[in-house]
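Below is one structure, written out as structure tokens; comments come after it.
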Amino acid sequence: MEGSTDAGKIWRENEAQAGRKKKATEDDAGDSDGRMKKKAKLEAKRKLSMVVMGQPESGKSTIIGKMLVLNGKVDSKELQEYEDLAKANGREGGHLAYIMDSEPSEILMGGSLELGNANFESKSRSFTLLDAPGRKRYVQEAIRGFYEADFGVLVVSASEGEFEKGFLECQMVAGVETLGETREHVEFAKAFGLSHLIVIVNKMDTTMWSKDRFDEIQDEMEQFLVEHGYKEDKVVFLPMSGRDGINMENNQEVCPWWTGPSFFDVLESINVAPAGSPSAPFRMPIIGAREMDEEAGEGTLLFGKICSGSVRKGDHFVIMPNQEYIKVRALYCEGEEVDRAEAGDYVDVHVHIPRGHISTGCVLSSEESVSRTKVFLADVLFLDRVKWVIYSSGYEAVLHIHSLVLDCKLVEVQIGWPSPCAVDGSRGLCRIAVPEHISIEEYEKFPKLGQFVLRSAGLTVGVGTVVSTTDQHHFLAPDEML
């Protein structure tokens, strides 16, 4: 696999965070012909985003670090710096994790605290890697990764007791079911439409590469994934030692019973449906915004992942729900100015509009038909989480939909029988209200803008899809349903 540098998503983290420094490895950085060749190469490759998830201590950050080393993202000098950092913090041998988790707070906590990102290439594909925090208190950051991704990579630990802690630890505390992180991550992945999963059974070296242990974990996980709607042909299980890189590029003959593909082989061949049609109306939820550098000129850079359609320099768009009209002054992908970007691309859009007029969750659109609503109708599945709770008119939660996070309230609930309320485990139509205008879409038209989760008191209580962005749906009265 070939290395490629990350231009740095400044609104997520500055260049110093988590080792995602912009490497100056392009000898032809000042050569316009070299830049044009690099641009053409990137544009020719299929672009995919993957979210890497896993319970704390699963070895997720170490796997990502090793991936970036093998892909030329980290040179020998930088690697030595991480080794010194790990040694200074009493984690000698754990330096690979610091490539993504090098902030003081992450070193102190021993893991990712925010959504990290990096870019790399294979022979025919260009990947954006999203590192989702594993700890429950940082779920909000992780959810953004699930929304943005095209497929998921789930890391579980084969070490004795560690898989069980992340997967089997379901306890009732004060009437609330506390899930292991592995289970919750699968639910997020399914809620945001990630139909393809690569399940890495990591730390196989601690089991002496036991096939029995691998089969045990695979059997447990397969049953759980099928119960959550995953199809067996869209899930791949891989044994691995992330620290040593075994079965990342190749098996290295350490695990003789494994005759399947390596992780990089799977990445090269995974068959994921396109993120959206380049010919569809343009939609890009805004993830972040920042002022242009003085040297680059005036204006604001809007950052996001294009959900559908395409954009060119000079296009005229509208920012919803603000109804602000803009002209695209320039486009940047991975720090390089480009002429065009399309569905699946992460892009910086240069516009002349004050940053204060833009907020995360706004949608850049080619037309005004994108909704502007404070009430919408949704199909909601209430999860079996909180016992003895009735979901009825007035119930409050936090809504996570595309790049938006805001409070919401159930205005009306209707299950498949004459009932104005729902309980855990039930599913029905809900009218949901938010305190300010937002722009979302019906799931059938724009899936990435119509999938959401509801959370309350640190728990995911519901997952759903937007049925209608208008408030015109007629709820049946009990006598009409009989």
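Residues are referred to by chain and number: the chain letter is A, B, ... according to the order shown in the structure tokens, the number counts from 1 in that chain, and ligands are numbered separately from 1 in the order shown.
Summary of the local environment: counting only C-alpha atoms, residues at most 10 Å from Val370 in chain A, other than itself and those fewer than 4 positions away along its chain, are Pro281, Phe282, Arg283, Val318, Ile319, Met320, Pro321, Val363, Leu364, Ser365, Ser366, Ile438, Ser439, Ile440, Glu441, Glu442 and Thr469 of chain A.
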Would you pick out the contacts of Val69 in chain A at 12 Å or less, using only C-alpha atoms, so that residues sharing its chain but fewer than 3 positions from it are not included, and give the list as a compact mmCIF listing (two decimals) with C-alpha atoms, in the first residue's frame?
# COMPACT_ATOMS: atom_id res chain seq x y z
CA MET A 1 0.00 0.00 0.00
CA GLU A 2 1.16 3.49 -0.80
CA GLY A 3 1.38 6.32 1.76
CA SER A 4 -0.46 9.59 1.48
CA THR A 5 -0.38 12.57 3.80
CA GLY A 19 0.38 12.61 15.61
CA ARG A 20 -1.61 13.61 12.54
CA THR A 62 -2.30 0.49 18.08
CA ILE A 63 -3.81 -1.05 14.93
CA ILE A 64 -4.37 2.38 13.42
CA GLY A 65 -0.83 3.44 14.32
CA LYS A 66 0.62 0.33 12.69
CA GLY A 72 4.44 5.57 5.05
CA LYS A 73 2.50 8.10 7.09
CA VAL A 74 5.06 8.09 9.90
CA ASP A 75 8.80 8.35 9.23
CA SER A 76 11.56 6.90 11.39
CA LYS A 77 12.23 10.21 13.20
CA GLU A 78 8.58 10.60 14.16
CA LEU A 79 8.37 6.96 15.21
CA GLN A 80 11.34 7.47 17.53
CA TYR A 82 6.55 8.33 19.83
CA HIS A 95 4.21 3.85 21.10
CA LEU A 96 2.02 2.92 18.13
CA ALA A 97 -1.10 4.04 20.01
CA TYR A 98 0.40 7.52 20.47
CA ILE A 99 0.38 8.15 16.73
CA MET A 100 -3.34 8.86 17.07
CA ALA A 118 -6.03 10.20 8.76
CA PHE A 120 -4.00 6.73 3.13
CA GLY A 242 -1.98 -5.13 15.60
CA ARG A 243 1.18 -4.48 17.57
CA ASP A 244 3.23 -6.76 15.31
CA GLY A 245 1.24 -6.05 12.15
CA MET A 248 -2.37 -6.63 8.38
CA GLU A 249 -0.32 -6.86 5.18
Practice task
Please run DSSP on the backbone and report, as a PyMOL selection string, all residues within range 279-457 of chain A that come out as strand (DSSP E or B).
Solution key: chain A and resi 283-291+300-305+308+310-312+316-320+324-327+330-333+336-338+340-342+346-351+363-365+373-382+386+391-392+396-401+404-415+421-422+427-438+451-456
Practice task
Can you work out which one of A:His316, A:Lys409, A:Lys305, A:Arg329 has the shortest atom-to-atom distance to Gly344 in chain A, counting only C-alpha atoms?
Solution key: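 Once distances to Gly344 in chain A are computed over only C-alpha atoms, the minimum belongs to A:Lys305.
Nearest residue to Pro256 in chain A, choosing from A:Lys211, A:Arg290, A:His437, A:Arg312 and counting only C-alpha atoms: A:Lys211.
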Using only C-alpha atoms, find each residue in range 301-387 of chain A having at least one atom no more than 12 Å away from range 184-195 of chain A; report its shortest atom-to-atom pair and that distance in Å (one decimal), rows by chain then rising number, as a Markdown table.
| residue | atom | partner | partner_atom | distance |
| --- | --- | --- | --- | --- |
| A:Val380 | CA | A:Ala191 | CA | 10.6 |
| A:Leu381 | CA | A:Ala191 | CA | 10.0 |
| A:Phe382 | CA | A:Ala191 | CA | 12.0 |
| A:Leu383 | CA | A:Glu187 | CA | 9.8 |
| A:Asp384 | CA | A:Glu187 | CA | 11.9 |
| A:Arg385 | CA | A:Glu184 | CA | 11.0 |
Keeping only all heavy atoms, write the selected residues as a short mmCIF file (atom, residue, chain, number, x, y, z; two decimals), in the first residue's frame.
data_model
loop_
_atom_site.label_atom_id
_atom_site.label_comp_id
_atom_site.auth_asym_id
_atom_site.auth_seq_id
_atom_site.Cartn_x
_atom_site.Cartn_y
_atom_site.Cartn_z
N VAL A 380 -39.34 5.30 14.58
CA VAL A 380 -38.39 5.16 15.68
C VAL A 380 -38.52 3.79 16.33
O VAL A 380 -39.63 3.32 16.61
CB VAL A 380 -38.61 6.25 16.75
CG1 VAL A 380 -37.58 6.10 17.87
CG2 VAL A 380 -38.51 7.63 16.14
N LEU A 381 -37.37 3.15 16.55
CA LEU A 381 -37.31 1.93 17.35
C LEU A 381 -36.75 2.32 18.71
O LEU A 381 -35.62 2.82 18.81
CB LEU A 381 -36.40 0.89 16.70
CG LEU A 381 -36.06 -0.34 17.54
CD1 LEU A 381 -37.32 -1.16 17.84
CD2 LEU A 381 -35.00 -1.20 16.86
N PHE A 382 -37.53 2.12 19.77
CA PHE A 382 -37.07 2.42 21.13
C PHE A 382 -36.36 1.19 21.67
O PHE A 382 -36.93 0.11 21.77
CB PHE A 382 -38.25 2.81 22.01
CG PHE A 382 -38.86 4.12 21.61
CD1 PHE A 382 -39.99 4.15 20.80
CD2 PHE A 382 -38.30 5.32 22.02
CE1 PHE A 382 -40.55 5.36 20.42
CE2 PHE A 382 -38.84 6.52 21.64
CZ PHE A 382 -39.98 6.55 20.84
N LEU A 383 -35.09 1.36 22.00
CA LEU A 383 -34.26 0.24 22.40
C LEU A 383 -34.58 -0.22 23.81
O LEU A 383 -35.07 0.53 24.64
CB LEU A 383 -32.78 0.63 22.30
CG LEU A 383 -32.31 1.08 20.92
CD1 LEU A 383 -30.86 1.50 20.96
CD2 LEU A 383 -32.52 -0.03 19.89
N ASP A 384 -34.22 -1.47 24.05
CA ASP A 384 -34.48 -2.09 25.36
C ASP A 384 -33.36 -1.68 26.32
O ASP A 384 -32.45 -2.44 26.61
CB ASP A 384 -34.52 -3.61 25.19
CG ASP A 384 -34.98 -4.30 26.46
OD1 ASP A 384 -35.45 -3.60 27.37
OD2 ASP A 384 -34.85 -5.53 26.54
N ARG A 385 -33.44 -0.44 26.81
CA ARG A 385 -32.38 0.11 27.64
C ARG A 385 -32.85 0.48 29.05
O ARG A 385 -32.28 0.07 30.04
CB ARG A 385 -31.81 1.39 26.98
CG ARG A 385 -31.00 1.13 25.75
CD ARG A 385 -29.68 0.46 26.11
NE ARG A 385 -28.97 0.13 24.88
CZ ARG A 385 -29.18 -0.98 24.19
NH1 ARG A 385 -30.04 -1.88 24.61
NH2 ARG A 385 -28.52 -1.22 23.07
#
Handout entry: Shell around Asp233 in chain A at 12 Å using only C-alpha atoms, local window under 6 positions removed, as a PyMOL selection string
Key = chain A and resi 195-198+222+225-226+270-271
